[in-house]
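Pasting target.txt here (compact mmCIF, C-alpha atoms and all ligand atoms):
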# COMPACT_ATOMS: atom_id res chain seq x y z
CA MET F 1 -18.05 20.84 33.44
CA LEU F 2 -14.46 21.65 32.47
CA THR F 3 -11.89 18.90 32.66
CA LEU F 4 -8.51 20.18 33.79
CA ARG F 5 -5.43 18.46 32.43
CA SER F 6 -1.86 18.44 33.64
CA PRO F 7 0.28 21.14 31.94
CA HIS F 8 2.63 18.34 30.85
CA ASP F 9 -0.09 16.53 28.96
CA ASP F 10 -2.00 19.33 27.28
CA GLY F 11 -0.57 18.81 23.80
CA THR F 12 1.47 22.00 23.87
CA ALA F 13 4.96 21.46 22.54
CA LEU F 14 7.81 23.97 22.53
CA ILE F 15 9.80 24.50 19.35
CA LEU F 16 13.49 23.77 19.97
CA ARG F 17 14.66 23.83 16.33
CA ASN F 18 12.93 24.26 12.98
CA GLU F 19 15.59 24.26 10.29
CA TRP F 20 15.67 23.90 6.50
CA VAL F 21 17.19 20.63 5.31
CA ASN F 22 17.00 21.73 1.67
CA GLY F 23 14.76 24.10 -0.31
CA ASP F 24 11.62 22.00 0.32
CA TYR F 25 11.99 20.22 3.65
CA LYS F 26 12.30 21.33 7.26
CA HIS F 27 13.38 19.38 10.33
CA MET F 28 11.51 20.40 13.47
CA VAL F 29 12.40 19.29 16.98
CA VAL F 30 9.95 20.01 19.81
CA LYS F 31 9.99 19.60 23.56
CA ALA F 32 6.87 17.56 24.25
CA SER F 33 5.00 15.72 26.98
CA HIS F 34 6.16 12.36 28.26
CA ALA F 35 3.18 10.73 26.53
CA ALA F 36 4.10 12.30 23.16
CA CYS F 37 7.69 11.09 23.49
CA GLN F 38 6.49 7.47 23.68
CA ALA F 39 5.65 7.63 19.93
CA GLN F 40 6.60 4.45 18.10
CA PRO F 41 7.92 4.17 14.51
CA GLY F 42 5.04 4.59 12.05
CA GLN F 43 2.80 6.49 14.47
CA PHE F 44 1.87 10.08 13.75
CA PHE F 45 0.68 13.32 15.32
CA THR F 46 -1.82 15.88 14.11
CA LEU F 47 -0.41 19.38 14.28
CA LEU F 48 -2.51 22.50 14.75
CA CYS F 49 -0.67 24.70 12.28
CA PRO F 50 -0.67 28.34 13.40
CA ALA F 51 -3.07 30.75 11.70
CA GLU F 52 -1.52 33.68 9.84
CA GLY F 53 -4.07 36.29 8.76
CA SER F 54 -6.24 34.74 6.05
CA MET F 55 -3.95 31.69 6.08
CA ALA F 56 -5.78 29.73 8.76
CA PRO F 57 -5.62 25.98 8.21
CA PHE F 58 -8.90 24.77 9.70
CA PHE F 59 -7.97 21.14 10.15
CA ARG F 60 -4.95 19.73 11.90
CA ARG F 61 -2.29 18.31 9.58
CA PRO F 62 -1.07 14.70 10.05
CA MET F 63 2.71 14.28 10.41
CA SER F 64 4.75 11.14 11.06
CA THR F 65 7.10 10.84 13.97
CA TYR F 66 10.62 11.30 12.59
CA GLY F 67 12.05 10.64 16.05
CA ALA F 68 10.94 10.48 19.69
CA ASP F 69 13.26 10.46 22.67
CA PRO F 70 11.61 10.06 26.10
CA HIS F 71 14.93 10.75 27.87
CA ARG F 72 15.42 14.13 26.21
CA GLY F 73 11.67 14.80 26.10
CA GLU F 74 11.83 15.51 22.36
CA VAL F 75 9.79 14.63 19.29
CA GLU F 76 11.07 15.26 15.74
CA PHE F 77 9.23 15.88 12.47
CA LEU F 78 10.61 16.06 8.93
CA TYR F 79 8.14 17.81 6.65
CA LYS F 80 7.83 19.08 3.13
CA VAL F 81 6.43 22.59 2.79
CA THR F 82 3.56 21.98 0.39
CA GLY F 83 0.60 24.24 1.30
CA LYS F 84 -0.67 26.71 3.84
CA GLY F 85 -0.44 24.42 6.88
CA THR F 86 3.16 23.38 6.38
CA LEU F 87 4.07 26.94 5.30
CA ALA F 88 2.75 28.19 8.64
CA LEU F 89 4.73 25.45 10.40
CA SER F 90 7.86 26.49 8.54
CA ARG F 91 7.62 29.98 10.06
CA LEU F 92 7.69 28.77 13.67
CA GLN F 93 10.73 29.94 15.62
CA THR F 94 12.63 28.49 18.56
CA GLY F 95 10.59 29.18 21.70
CA ASP F 96 7.21 29.26 19.92
CA SER F 97 4.58 26.78 21.02
CA LEU F 98 2.72 24.28 18.85
CA ASP F 99 -0.37 22.23 19.64
CA ILE F 100 0.37 18.58 18.82
CA LEU F 101 -1.98 15.64 19.30
CA GLY F 102 -0.57 12.16 19.49
CA PRO F 103 0.96 9.71 19.16
CA LEU F 104 -1.85 8.36 16.98
CA GLY F 105 -2.44 5.22 14.95
CA LYS F 106 -0.71 1.86 14.78
CA GLY F 107 2.97 1.76 13.86
CA PHE F 108 5.35 -0.79 12.34
CA ARG F 109 5.81 -4.24 13.83
CA LEU F 110 9.22 -5.95 13.98
CA GLN F 111 9.70 -9.60 14.89
CA PRO F 112 12.65 -10.34 17.18
CA ASP F 113 13.83 -13.30 15.07
CA TRP F 114 14.14 -11.25 11.85
CA GLN F 115 17.68 -11.00 10.46
CA HIS F 116 17.34 -8.63 7.52
CA ILE F 117 14.71 -6.18 6.31
CA VAL F 118 14.39 -4.05 3.18
CA ILE F 119 13.12 -0.47 3.42
CA VAL F 120 11.95 1.35 0.28
CA ALA F 121 11.21 5.06 0.79
CA ARG F 122 9.88 7.47 -1.79
CA GLY F 123 10.26 11.21 -1.12
CA VAL F 124 9.09 12.24 2.31
CA GLY F 125 8.18 8.61 3.03
CA LEU F 126 11.65 8.39 4.50
CA ALA F 127 10.49 10.61 7.39
CA THR F 128 8.15 7.79 8.39
CA LEU F 129 10.67 5.00 7.77
CA ALA F 130 13.76 6.47 9.51
CA PRO F 131 12.51 5.61 13.04
CA LEU F 132 11.77 2.07 11.83
CA ALA F 133 15.41 1.77 10.77
CA GLU F 134 16.48 2.90 14.25
CA ALA F 135 14.24 0.30 15.89
CA ALA F 136 15.56 -2.41 13.56
CA HIS F 137 19.15 -1.40 14.40
CA ALA F 138 18.33 -1.59 18.13
CA HIS F 139 17.07 -5.16 17.54
CA ARG F 140 20.28 -5.99 15.58
CA ILE F 141 18.31 -6.49 12.36
CA ALA F 142 20.37 -5.75 9.24
CA MET F 143 18.88 -3.46 6.58
CA THR F 144 19.06 -2.61 2.94
CA VAL F 145 17.45 0.73 2.12
CA ILE F 146 16.34 2.05 -1.27
CA LEU F 147 15.73 5.81 -1.33
CA SER F 148 13.73 6.98 -4.34
CA ALA F 149 13.35 10.67 -5.18
CA ARG F 150 12.84 13.14 -8.02
CA SER F 151 16.46 14.30 -7.99
CA GLN F 152 19.72 14.15 -6.06
CA HIS F 153 18.68 17.45 -4.44
CA ALA F 154 15.37 15.95 -3.25
CA LEU F 155 17.15 12.96 -1.69
CA LEU F 156 17.77 14.63 1.70
CA ALA F 157 21.42 13.87 2.37
CA PRO F 158 21.12 14.11 6.20
CA SER F 159 18.43 11.44 6.20
CA GLN F 160 20.47 9.26 3.87
CA GLN F 161 23.40 9.61 6.29
CA ARG F 162 21.08 8.75 9.19
CA PHE F 163 20.35 5.37 7.55
CA GLU F 164 24.04 4.84 6.78
CA ARG F 165 25.05 5.55 10.39
CA LEU F 166 22.76 2.67 11.39
CA GLY F 167 24.85 0.36 9.23
CA ALA F 168 22.26 0.12 6.45
CA ARG F 169 23.36 -0.43 2.87
CA VAL F 170 21.72 2.50 1.08
CA LEU F 171 20.91 2.44 -2.63
CA THR F 172 19.41 5.45 -4.41
CA ALA F 173 16.95 5.57 -7.28
CA LEU F 174 16.35 8.91 -8.99
CA ASP F 175 13.76 9.98 -11.53
CA ASP F 176 16.53 10.45 -14.13
CA GLY F 177 15.98 6.80 -14.96
CA THR F 178 17.04 4.69 -11.99
CA SER F 179 13.73 5.08 -10.14
CA GLN F 180 11.70 3.65 -12.97
CA LEU F 181 9.70 0.80 -11.63
CA ASP F 182 11.47 -1.95 -13.56
CA VAL F 183 14.87 -0.72 -12.32
CA ILE F 184 13.70 -0.74 -8.69
CA GLU F 185 12.13 -4.16 -9.24
CA GLN F 186 15.49 -5.49 -10.45
CA MET F 187 17.24 -3.91 -7.43
CA LEU F 188 14.73 -5.57 -5.11
CA CYS F 189 15.02 -8.98 -6.80
CA ASP F 190 18.84 -8.80 -6.45
CA ILE F 191 18.53 -7.89 -2.75
CA ILE F 192 16.02 -10.71 -2.15
CA VAL F 193 18.31 -13.27 -3.81
CA GLN F 194 21.39 -11.98 -1.96
CA HIS F 195 19.98 -11.41 1.55
CA ALA F 196 16.74 -13.45 1.77
CA PRO F 197 15.09 -10.62 3.75
CA ASP F 198 12.38 -11.40 6.30
CA ALA F 199 10.24 -8.37 5.49
CA LEU F 200 9.78 -5.45 3.09
CA PHE F 201 8.66 -1.99 4.27
CA THR F 202 7.61 1.04 2.28
CA CYS F 203 6.06 4.50 2.44
CA GLY F 204 5.55 7.37 0.03
CA SER F 205 4.43 5.85 -3.28
CA LYS F 206 1.39 3.90 -4.42
CA ARG F 207 3.37 2.46 -7.39
CA LEU F 208 6.11 1.17 -5.08
CA THR F 209 3.52 -0.20 -2.65
CA ALA F 210 1.96 -2.20 -5.50
CA LEU F 211 5.40 -3.45 -6.58
CA LEU F 212 6.39 -4.51 -3.06
CA LYS F 213 3.04 -6.19 -2.51
CA ARG F 214 3.56 -8.25 -5.69
CA LEU F 215 7.18 -9.18 -4.85
CA ALA F 216 6.31 -10.00 -1.21
CA ALA F 217 3.62 -12.39 -2.47
CA GLU F 218 5.87 -13.91 -5.17
CA TYR F 219 8.76 -14.57 -2.77
CA GLY F 220 6.65 -15.34 0.32
CA ILE F 221 8.05 -12.42 2.35
CA ALA F 222 6.16 -10.39 4.98
CA GLY F 223 5.63 -6.71 4.26
CA GLN F 224 4.20 -3.52 5.73
CA VAL F 225 3.28 -0.13 4.28
CA ALA F 226 2.67 3.20 6.01
CA MET F 227 -0.17 4.87 4.11
CA GLU F 228 -0.46 8.65 3.78
CA GLU F 229 -4.11 9.21 3.03
CA GLN F 230 -5.71 12.63 3.33
CA MET F 231 -7.06 12.84 6.88
CA VAL F 232 -9.30 15.23 8.76
CA CYS F 233 -9.73 14.26 12.44
CA GLY F 234 -7.02 11.59 12.65
CA LEU F 235 -9.06 9.94 15.42
CA GLY F 236 -11.38 7.67 13.47
CA MET F 237 -14.55 9.73 13.93
CA CYS F 238 -14.86 11.47 10.57
CA GLN F 239 -14.06 8.31 8.55
CA CYS F 240 -12.66 10.43 5.73
CA CYS F 241 -9.53 8.28 5.36
CA THR F 242 -11.50 5.02 4.97
CA LYS F 243 -10.03 2.72 2.32
CA VAL F 244 -10.86 -0.73 1.02
CA PHE F 245 -8.53 -3.57 2.07
CA GLU F 246 -8.39 -7.30 1.36
CA HIS F 247 -8.75 -9.56 4.38
CA ASP F 248 -9.35 -13.34 4.28
CA GLY F 249 -10.41 -13.08 0.65
CA LYS F 250 -12.99 -10.36 1.38
CA HIS F 251 -12.97 -6.64 0.77
CA ILE F 252 -13.36 -4.67 4.00
CA SER F 253 -13.24 -0.97 4.89
CA ARG F 254 -10.68 0.38 7.34
CA ARG F 255 -9.81 3.83 8.61
CA VAL F 256 -6.19 4.58 7.84
CA CYS F 257 -5.85 6.85 10.91
CA VAL F 258 -6.83 4.32 13.58
CA GLU F 259 -6.53 0.87 12.01
CA GLY F 260 -3.30 2.09 10.35
CA PRO F 261 -1.49 4.02 9.05
CA VAL F 262 0.70 0.90 8.91
CA PHE F 263 -0.91 -2.11 7.21
CA ASP F 264 0.27 -5.49 5.99
CA LEU F 265 1.16 -5.26 2.31
CA SER F 266 -0.93 -8.36 1.68
CA GLU F 267 -4.07 -6.44 2.76
CA VAL F 268 -3.54 -3.39 0.56
CA VAL F 269 -5.68 -3.16 -2.57
CA ALA F 270 -3.12 -2.06 -5.15
C1 LIG F 301 -0.24 9.56 8.53
C2 LIG F 301 0.41 10.67 7.73
C3 LIG F 301 1.73 10.99 7.97
C4 LIG F 301 2.34 12.03 7.25
N1 LIG F 301 3.65 12.30 7.51
C5 LIG F 301 4.26 13.27 6.84
C6 LIG F 301 5.62 13.60 7.13
O1 LIG F 301 6.27 13.00 7.99
N2 LIG F 301 6.18 14.63 6.43
C7 LIG F 301 5.48 15.32 5.46
O2 LIG F 301 6.05 16.22 4.85
N3 LIG F 301 4.21 15.02 5.16
C8 LIG F 301 3.58 14.03 5.83
N4 LIG F 301 2.26 13.76 5.56
C9 LIG F 301 1.57 14.58 4.56
C10 LIG F 301 1.14 15.90 5.25
O3 LIG F 301 0.10 15.64 6.17
C11 LIG F 301 0.61 16.89 4.19
O4 LIG F 301 1.68 17.24 3.34
C12 LIG F 301 0.10 18.14 4.86
O5 LIG F 301 -1.11 17.85 5.52
C13 LIG F 301 -0.14 19.21 3.82
O6 LIG F 301 -0.73 20.32 4.50
P1 LIG F 301 -0.65 21.76 3.87
O7 LIG F 301 -1.66 22.61 4.55
O8 LIG F 301 0.77 22.26 3.88
O9 LIG F 301 -1.01 21.53 2.39
P2 LIG F 301 -2.47 21.60 1.73
O10 LIG F 301 -2.71 23.00 1.31
O11 LIG F 301 -3.49 20.95 2.60
O12 LIG F 301 -2.17 20.68 0.50
C14 LIG F 301 -1.05 20.97 -0.35
C15 LIG F 301 -0.74 19.75 -1.17
O13 LIG F 301 -0.41 18.65 -0.31
C16 LIG F 301 -1.24 17.54 -0.61
N5 LIG F 301 -1.61 16.85 0.63
C17 LIG F 301 -2.43 17.32 1.59
N6 LIG F 301 -2.60 16.39 2.54
C18 LIG F 301 -1.88 15.32 2.18
C19 LIG F 301 -1.68 14.04 2.74
N7 LIG F 301 -2.28 13.65 3.86
N8 LIG F 301 -0.83 13.19 2.11
C20 LIG F 301 -0.25 13.56 0.98
N9 LIG F 301 -0.42 14.75 0.38
C21 LIG F 301 -1.23 15.62 0.96
C22 LIG F 301 -2.48 18.12 -1.24
O14 LIG F 301 -3.09 17.18 -2.10
C23 LIG F 301 -1.93 19.29 -2.01
O15 LIG F 301 -1.43 18.91 -3.26
C24 LIG F 301 1.62 12.73 6.26
C25 LIG F 301 0.30 12.40 6.00
C26 LIG F 301 -0.31 11.38 6.73
C27 LIG F 301 -1.73 11.04 6.47
Just give me the structure as structure tokens.
Amino acid sequence: MLTLRSPHDDGTALILRNEWVNGDYKHMVVKASHAACQAQPGQFFTLLCPAEGSMAPFFRRPMSTYGADPHRGEVEFLYKVTGKGTLALSRLQTGDSLDILGPLGKGFRLQPDWQHIVIVARGVGLATLAPLAEAAHAHRIAMTVILSARSQHALLAPSQQRFERLGARVLTALDDGTSQLDVIEQMLCDIIVQHAPDALFTCGSKRLTALLKRLAAEYGIAGQVAMEEQMVCGLGMCQCCTKVFEHDGKHISRRVCVEGPVFDLSEVVA
């Protein structure tokens, strides 16, 4: 028997804008269902990238929520064009439709009594962390943000400005030397001494995740990471994104798509 669904909840989104931010990244805004617009920071969607001739991505591609506004009925994505799925996405025009499934997974958690958080984003990890900064701002939590990237060009100025508009102090770390791990470690230690942050957040780099996990443990600070594992179904069934985590002194397996993608730093096996 066929199950009929409301046209407003069938996963079909309408492309409103899909514009280049720089040579690698595009910012896509879609009109989406009310349910999709409830997406919380750190949650993600799986996108059915359109097929183009022999370029037919079989699996959906996971993409973090870069923004979700239930009043305007819009969901935003910021994505790097890396392979055939994102290339097909990059060709979508205003008025085209796109099949999106979500919001999926468990997002970031903020505690109302927190005063200051530190956000460390590497590359496109900032797409995942920008909505967290907006939520923190709404809860009057101060922020220091470190943006790490290959080059000034890869830094995504509009996203940097988005953090600055929220009142965040933004520091940059580039691969010309300043993003080397020991330099970022020194930056983080200075921030911890100066602001005594309540929590550290990161996305986009396994090396930075390991560093933040170590510093969070050393200084007794909470921490969360949004993990970007390769995924297939995004719904927990295929188990392809299963990773080992530490919990209560034991190693346990968890699916990044449903038990995450946001995890406590203390649970990540570096
Ligand atoms: C929860 C989650 C959230 C994500 N959010 C974003 C986002 O906001 N913006 C964004 O640009 N990307 C994001 N990604 C990564 C994005 O899903 C991949 O870049 C995309 O699936 C690549 O598809 P493709 O067909 O263009 O490339 P493919 O042809 O499939 O692969 C091209 C290259 O991308 C790499 N790649 C493929 N899948 C992933 C993956 N899951 N993570 C990292 N690298 C991958 C491959 O190893 C390969 O080198 C996210 C991934 C996850 C799991």
For a quick check of understanding, using only C-alpha atoms and all ligand atoms, which of F:Gln239, F:Gln111, F:Ser64, F:Gln93 has the smallest distance to ligand LIG 301 (chain F)?
F:Ser64
Between atom CA of F:Val268 and atom CA of F:Glu228 - distance in Å to one decimal:
12.8 Å
Find, counting only C-alpha atoms and all ligand atoms, the residue in F:Val118, F:Ala39, F:Cys203, F:Leu215 that gets nearest to ligand LIG 301 (chain F).
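Selected residue with least distance to ligand LIG 301 (chain F): F:Cys203.
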Contacts to ligand LIG 301 (chain F) at 9 Å cut-off (all atoms listed in the file) as a PyMOL selection string:
chain F and resi 25-26+42-47+49+57+59-66+77-89+104-105+123-128+204+226-232+234+241+256-257+260-262
Between atom CA of F:Ser33 and atom CA of F:Gly73, what is the distance, to one decimal in Å?
6.8 Å
Gap from atom CA of F:Gly223 to atom CA of F:Val120 - Å, one decimal:
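If I compute the distance from atom CA of F:Gly223 to atom CA of F:Val120, I get 11.0 Å.
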For F:Pro50, which of F:His247, F:Arg91, F:Arg169, F:His71 is the closest residue, counting all atoms listed in the file?
F:Arg91
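With all atoms listed in the file taken into account, the protein and nucleic acid residues at most 12 Å from F:Asp182 (excluding it and anything under 4 positions from it in its own chain) are Ala173, Gly177, Thr178, Gln186, Met187, Leu188, Cys189, Arg207, Leu208, Leu211 and Leu212 of chain F.
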Export of prior selection with C-alpha atoms as a PDB file, in the coordinates of the input:
ATOM      1  CA  ALA F 173      16.950   5.570  -7.280  1.00  0.00           C
ATOM      2  CA  GLY F 177      15.980   6.800 -14.960  1.00  0.00           C
ATOM      3  CA  THR F 178      17.040   4.690 -11.990  1.00  0.00           C
ATOM      4  CA  GLN F 186      15.490  -5.490 -10.450  1.00  0.00           C
ATOM      5  CA  MET F 187      17.240  -3.910  -7.430  1.00  0.00           C
ATOM      6  CA  LEU F 188      14.730  -5.570  -5.110  1.00  0.00           C
ATOM      7  CA  CYS F 189      15.020  -8.980  -6.800  1.00  0.00           C
ATOM      8  CA  ARG F 207       3.370   2.460  -7.390  1.00  0.00           C
ATOM      9  CA  LEU F 208       6.110   1.170  -5.080  1.00  0.00           C
ATOM     10  CA  LEU F 211       5.400  -3.450  -6.580  1.00  0.00           C
ATOM     11  CA  LEU F 212       6.390  -4.510  -3.060  1.00  0.00           C
TER      12      LEU F 212
END
Step by step: start from the point (17.8, 22.8, 6.9) in the file's coordinates, keep every protein, DNA or RNA residue that has an atom no farther than 12 Å from it, count only C-alpha atoms, and write the set as a PyMOL selection string.
chain F and resi 17-29+78-80+90+156-159
